[in-house]
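Trainee: You'll find my_file_1.pdb just under this line, and it carries PDB, C-alpha atoms and all ligand atoms.
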```
ATOM      1  CA  MET A  13      97.682  76.110 127.771
ATOM      2  CA  LYS A  14      98.342  75.643 131.469
ATOM      3  CA  LEU A  15     101.834  76.672 132.553
ATOM      4  CA  TRP A  16     103.456  75.282 135.711
ATOM      5  CA  ARG A  17     105.437  78.486 136.085
ATOM      6  CA  THR A  18     105.252  81.969 134.611
ATOM      7  CA  PRO A  19     108.074  82.606 132.125
ATOM      8  CA  PHE A  20     110.063  85.760 132.809
ATOM      9  CA  ASP A  21     109.586  86.930 129.215
ATOM     10  CA  GLN A  22     105.885  86.144 129.061
ATOM     11  CA  GLU A  23     104.894  89.741 128.338
ATOM     12  CA  GLU A  24     107.578  90.191 125.686
ATOM     13  CA  LYS A  25     106.769  86.956 123.875
ATOM     14  CA  ALA A  26     102.994  87.099 124.165
ATOM     15  CA  THR A  27     101.302  87.188 120.813
ATOM     16  CA  LYS A  28      99.631  90.460 119.966
ATOM     17  CA  PRO A  29      97.103  91.491 117.348
ATOM     18  CA  ALA A  30      98.929  92.576 114.226
ATOM     19  CA  THR A  31      98.213  93.607 110.688
ATOM     20  CA  VAL A  32     100.329  92.062 107.937
ATOM     21  CA  LEU A  33     100.945  94.360 104.985
ATOM     22  CA  ILE A  34     102.375  92.883 101.783
ATOM     23  CA  ASP A  35     103.959  95.256  99.290
ATOM     24  CA  LYS A  36     102.831  94.114  95.834
ATOM     25  CA  GLU A  37     105.652  96.043  94.203
ATOM     26  CA  ARG A  38     108.302  94.063  96.106
ATOM     27  CA  CYS A  39     106.762  90.576  96.320
ATOM     28  CA  LYS A  40     108.369  88.129  93.869
ATOM     29  CA  GLY A  41     106.049  85.247  94.694
ATOM     30  CA  CYS A  42     108.635  82.940  96.241
ATOM     31  CA  GLY A  43     106.078  81.613  98.720
ATOM     32  CA  TYR A  44     108.402  81.458 101.739
ATOM     33  CA  CYS A  45     105.987  83.432 103.890
ATOM     34  CA  VAL A  46     103.111  81.138 102.937
ATOM     35  CA  GLU A  47     105.180  77.996 103.525
ATOM     36  CA  PHE A  48     106.508  78.993 106.931
ATOM     37  CA  CYS A  49     103.593  80.865 108.521
ATOM     38  CA  PRO A  50     102.795  78.693 111.553
ATOM     39  CA  LYS A  51      99.089  79.505 111.366
ATOM     40  CA  GLU A  52      98.546  79.274 107.604
ATOM     41  CA  ALA A  53      97.278  82.842 107.618
ATOM     42  CA  LEU A  54      98.894  83.606 104.254
ATOM     43  CA  LYS A  55      98.235  82.165 100.813
ATOM     44  CA  MET A  56      99.406  82.742  97.274
ATOM     45  CA  SER A  57      96.848  84.697  95.301
ATOM     46  CA  ASP A  58      95.898  84.432  91.645
ATOM     47  CA  GLU A  59      96.675  88.103  91.261
ATOM     48  CA  LEU A  60      99.775  89.120  89.346
ATOM     49  CA  GLY A  61     101.949  91.833  90.832
ATOM     50  CA  PRO A  62     103.508  94.612  88.744
ATOM     51  CA  LYS A  63     106.555  92.407  88.084
ATOM     52  CA  GLY A  64     104.386  89.606  86.689
ATOM     53  CA  TYR A  65     104.674  87.232  89.641
ATOM     54  CA  THR A  66     101.768  85.726  91.528
ATOM     55  CA  ILE A  67     101.911  87.432  94.880
ATOM     56  CA  ALA A  68     101.235  86.427  98.458
ATOM     57  CA  ARG A  69      98.152  87.646 100.265
ATOM     58  CA  VAL A  70      96.668  87.520 103.743
ATOM     59  CA  ALA A  71      94.070  84.758 103.567
ATOM     60  CA  ASP A  72      92.747  84.919 107.120
ATOM     61  CA  LYS A  73      93.956  87.740 109.314
ATOM     62  CA  SER A  74      92.107  86.328 112.327
ATOM     63  CA  LYS A  75      94.595  83.427 112.380
ATOM     64  CA  CYS A  76      97.650  85.693 112.555
ATOM     65  CA  LEU A  77      99.586  85.524 115.831
ATOM     66  CA  GLY A  78     101.707  88.563 115.105
ATOM     67  CA  CYS A  79     104.819  86.404 115.469
ATOM     68  CA  GLY A  80     106.685  88.352 112.783
ATOM     69  CA  LEU A  81     108.196  85.297 111.090
ATOM     70  CA  CYS A  82     106.880  86.284 107.673
ATOM     71  CA  GLU A  83     108.399  89.751 108.016
ATOM     72  CA  ILE A  84     111.787  88.269 108.922
ATOM     73  CA  ILE A  85     111.794  85.528 106.318
ATOM     74  CA  CYS A  86     110.750  87.554 103.266
ATOM     75  CA  PRO A  87     113.862  87.962 101.078
ATOM     76  CA  GLU A  88     112.422  91.055  99.382
ATOM     77  CA  PHE A  89     111.452  92.917 102.570
ATOM     78  CA  ALA A  90     107.940  92.999 101.159
ATOM     79  CA  ILE A  91     106.164  92.324 104.443
ATOM     80  CA  ILE A  92     105.606  94.848 107.174
ATOM     81  CA  LEU A  93     103.924  93.952 110.420
ATOM     82  CA  GLU A  94     101.969  96.641 112.166
ATOM     83  CA  GLN A  95     101.204  95.893 115.780
ATOM     84  CA  GLY A  96      97.615  96.503 116.750
ATOM     85  CA  GLU A  97      94.255  95.741 115.185
ATOM     86  CA  ASP A  98      93.487  96.648 111.602
ATOM     87  CA  LYS A  99      91.757 100.010 111.785
ATOM     88  CA  LYS A 100      90.009  99.601 108.417
TER      89      LYS A 100
HETATM   90  S1  LIG B   1     108.266  85.800 101.187
HETATM   91 FE1  LIG B   1     108.089  87.927 100.420
HETATM   92  S2  LIG B   1     108.606  87.797  98.246
HETATM   93 FE2  LIG B   1     108.161  85.705  98.951
HETATM   94  S3  LIG B   1     105.954  85.412  98.518
HETATM   95 FE3  LIG B   1     106.119  86.153 100.633
HETATM   96  S4  LIG B   1     105.899  88.386 100.451
HETATM   97 FE4  LIG B   1     106.383  87.627  98.406
HETATM   98  S1  LIG B   2     103.006  87.272 111.681
HETATM   99 FE1  LIG B   2     103.303  85.051 112.012
HETATM  100  S2  LIG B   2     101.218  84.196 112.124
HETATM  101 FE2  LIG B   2     101.027  86.271 111.240
HETATM  102  S3  LIG B   2     101.052  85.940 108.999
HETATM  103 FE3  LIG B   2     103.183  86.353 109.654
HETATM  104  S4  LIG B   2     104.093  84.304 110.026
HETATM  105 FE4  LIG B   2     101.859  84.075 109.971
END
```
As structure tokens - that is how I would like this structure written.
Ligand code: SF4
Ligand code: SF4
Mentor:
Amino acid sequence: MKLWRTPFDQEEKATKPATVLIDKERCKGCGYCVEFCPKEALKMSDELGPKGYTIARVADKSKCLGCGLCEIICPEFAIILEQGEDKK
């Protein structure tokens, strides 16, 4: 995208590579993270978590912007965002 000026907070707001970690123990399968992810990087899986709910999973980590919305929106605090590339 071509910008006609450089925003003052460009560095702060720039998207960065991030790894999304979903805690299976905490996820209750509400689907908020999947619904609101702007890049459709998350999906509901067929896997059942320990509580018996279908849990969310990272479907395509290459799509993730590292915006942190999923981490903020999760009512169970089940998502942790780690800045930086996945080292695995
Ligand atoms: S918002 Fe949290 S609890 Fe809901 S599906 Fe996503 S990870 Fe699970
Ligand atoms: S950090 Fe943003 S882009 Fe990445 S999975 Fe979460 S909501 Fe989607």
Trainee: Go through the shown structure with the PyMOL selection byres (((chain A and resi 56-67) around 6) and not hetatm) and write out the matching residues as a ChimeraX atom specification.
Mentor: /A:36,39-41,55,68-69
Trainee: Pull out every residue that the PyMOL selection byres (((chain A and resi 94) around 7) and not hetatm) matches in the shown coordinates and put them as a short mmCIF file (atom, residue, chain, number, x, y, z; two decimals) with C-alpha atoms, keeping the file's coordinate frame.
Mentor:
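So the final result, stored in expr24.cif, reads:
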```cif
data_model
loop_
_atom_site.label_atom_id
_atom_site.label_comp_id
_atom_site.auth_asym_id
_atom_site.auth_seq_id
_atom_site.Cartn_x
_atom_site.Cartn_y
_atom_site.Cartn_z
CA ALA A 30 98.93 92.58 114.23
CA THR A 31 98.21 93.61 110.69
CA VAL A 32 100.33 92.06 107.94
CA ILE A 92 105.61 94.85 107.17
CA LEU A 93 103.92 93.95 110.42
CA GLN A 95 101.20 95.89 115.78
CA GLY A 96 97.62 96.50 116.75
#
```
Trainee: Centre and edge lengths, as AutoDock Vina command-line options, for the axis-aligned box enclosing every listed atom of segment 77-81 of chain A with 8 Å of padding on each of the six sides, in Å to one decimal?
Mentor:
```
--center_x 103.9 --center_y 86.9 --center_z 113.5 --size_x 24.6 --size_y 19.3 --size_z 20.7
```
Trainee: Could you jot down the atom S4 of ligand LIG 1 (chain B) to atom CA of Asp21 of chain A separation for me, Å, one decimal place?
Mentor: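 Calculated distance between atom S4 of ligand LIG 1 (chain B) and atom CA of Asp21 of chain A is 29.0 Å.
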Trainee: Which one of A:Lys75, A:Lys28, A:Arg17, A:Arg38 sits closest to ligand LIG 1 (chain B) if you count all atoms listed in the file?
Mentor: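 Ranking A:Lys75, A:Lys28, A:Arg17, A:Arg38 by distance to ligand LIG 1 (chain B), first place goes to A:Arg38.
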Trainee: Restricting the calculation to only C-alpha atoms and all ligand atoms, which member of A:Cys42, A:Leu54, A:Ala71, A:Cys76 is positioned closest to ligand LIG 1 (chain B)?
Mentor: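 Ranking A:Cys42, A:Leu54, A:Ala71, A:Cys76 by distance to ligand LIG 1 (chain B), first place goes to A:Cys42.
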Trainee: In Å, how far is it from atom CA of Glu23 of chain A to atom S1 of ligand LIG 1 (chain B)?
Mentor: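 Going from atom CA of Glu23 of chain A over to atom S1 of ligand LIG 1 (chain B) covers 27.6 Å.
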Trainee: I'd like the interatomic distance between atom CA of Gln22 of chain A and atom CA of Cys86 of chain A, to a tenth of an Å.
Mentor: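 It comes out at 26.3 Å.
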Trainee: Can you work out which residues are within 7 Å of ligand LIG 2 (chain B), considering only C-alpha atoms and all ligand atoms, and then hand them over as a VMD selection string?
Mentor: chain A and resid 32 45 48 to 54 75 to 83 93
Trainee: Of the candidates A:Val70, A:Ala90, A:Glu37, A:Thr27, which one gets nearest to ligand LIG 1 (chain B) if we count only C-alpha atoms and all ligand atoms?
Mentor: A:Ala90
Trainee: Using all atoms listed in the file, which of A:Pro29, A:Ile34, A:Ser74, A:Phe20 sits nearest ligand LIG 1 (chain B)?
Mentor: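 Among the listed residues, the smallest separation from ligand LIG 1 (chain B) belongs to A:Ile34.
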Trainee: Which residue gives the smallest distance to ligand LIG 1 (chain B) among A:Glu24, A:Asp72, A:Leu33, A:Thr18, with all atoms listed in the file counted?
Mentor: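 Answer, going by the shortest atom-to-atom distance: A:Leu33.
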Trainee: Measuring atom to atom with all atoms listed in the file, identify which of A:Ile84, A:Trp16, A:Glu47, A:Ile91 is nearest to ligand LIG 1 (chain B).
Mentor: A:Ile91
Trainee: Please complete segment 63-77 of chain A so it has N, CA and C atoms, and hand it over as a CSV table (one decimal), in the coordinates of the input.
Mentor:
```
chain,number,residue,atom,x,y,z
A,63,LYS,N,105.4,93.1,88.7
A,63,LYS,CA,106.6,92.4,88.1
A,63,LYS,C,106.1,91.1,87.3
A,64,GLY,N,104.9,90.8,87.4
A,64,GLY,CA,104.4,89.6,86.7
A,64,GLY,C,104.4,88.3,87.5
A,65,TYR,N,104.7,88.4,88.8
A,65,TYR,CA,104.7,87.2,89.6
A,65,TYR,C,103.3,87.1,90.3
A,66,THR,N,102.9,85.9,90.7
A,66,THR,CA,101.8,85.7,91.5
A,66,THR,C,102.2,86.1,92.9
A,67,ILE,N,101.5,86.9,93.6
A,67,ILE,CA,101.9,87.4,94.9
A,67,ILE,C,101.2,86.8,96.1
A,68,ALA,N,101.8,87.0,97.2
A,68,ALA,CA,101.2,86.4,98.5
A,68,ALA,C,100.1,87.4,98.9
A,69,ARG,N,99.2,86.8,99.7
A,69,ARG,CA,98.2,87.6,100.3
A,69,ARG,C,97.8,87.1,101.7
A,70,VAL,N,97.1,88.0,102.4
A,70,VAL,CA,96.7,87.5,103.7
A,70,VAL,C,95.3,86.8,103.5
A,71,ALA,N,95.3,85.5,103.8
A,71,ALA,CA,94.1,84.8,103.6
A,71,ALA,C,93.1,84.9,104.7
A,72,ASP,N,93.6,84.9,105.9
A,72,ASP,CA,92.7,84.9,107.1
A,72,ASP,C,93.5,85.7,108.2
A,73,LYS,N,93.2,86.9,108.3
A,73,LYS,CA,94.0,87.7,109.3
A,73,LYS,C,93.6,87.4,110.8
A,74,SER,N,92.5,86.7,111.0
A,74,SER,CA,92.1,86.3,112.3
A,74,SER,C,93.0,85.2,112.9
A,75,LYS,N,93.7,84.5,112.0
A,75,LYS,CA,94.6,83.4,112.4
A,75,LYS,C,96.0,84.0,112.8
A,76,CYS,N,96.3,85.2,112.4
A,76,CYS,CA,97.6,85.7,112.6
A,76,CYS,C,98.0,85.9,114.0
A,77,LEU,N,99.1,85.4,114.4
A,77,LEU,CA,99.6,85.5,115.8
A,77,LEU,C,100.4,86.8,116.1
```
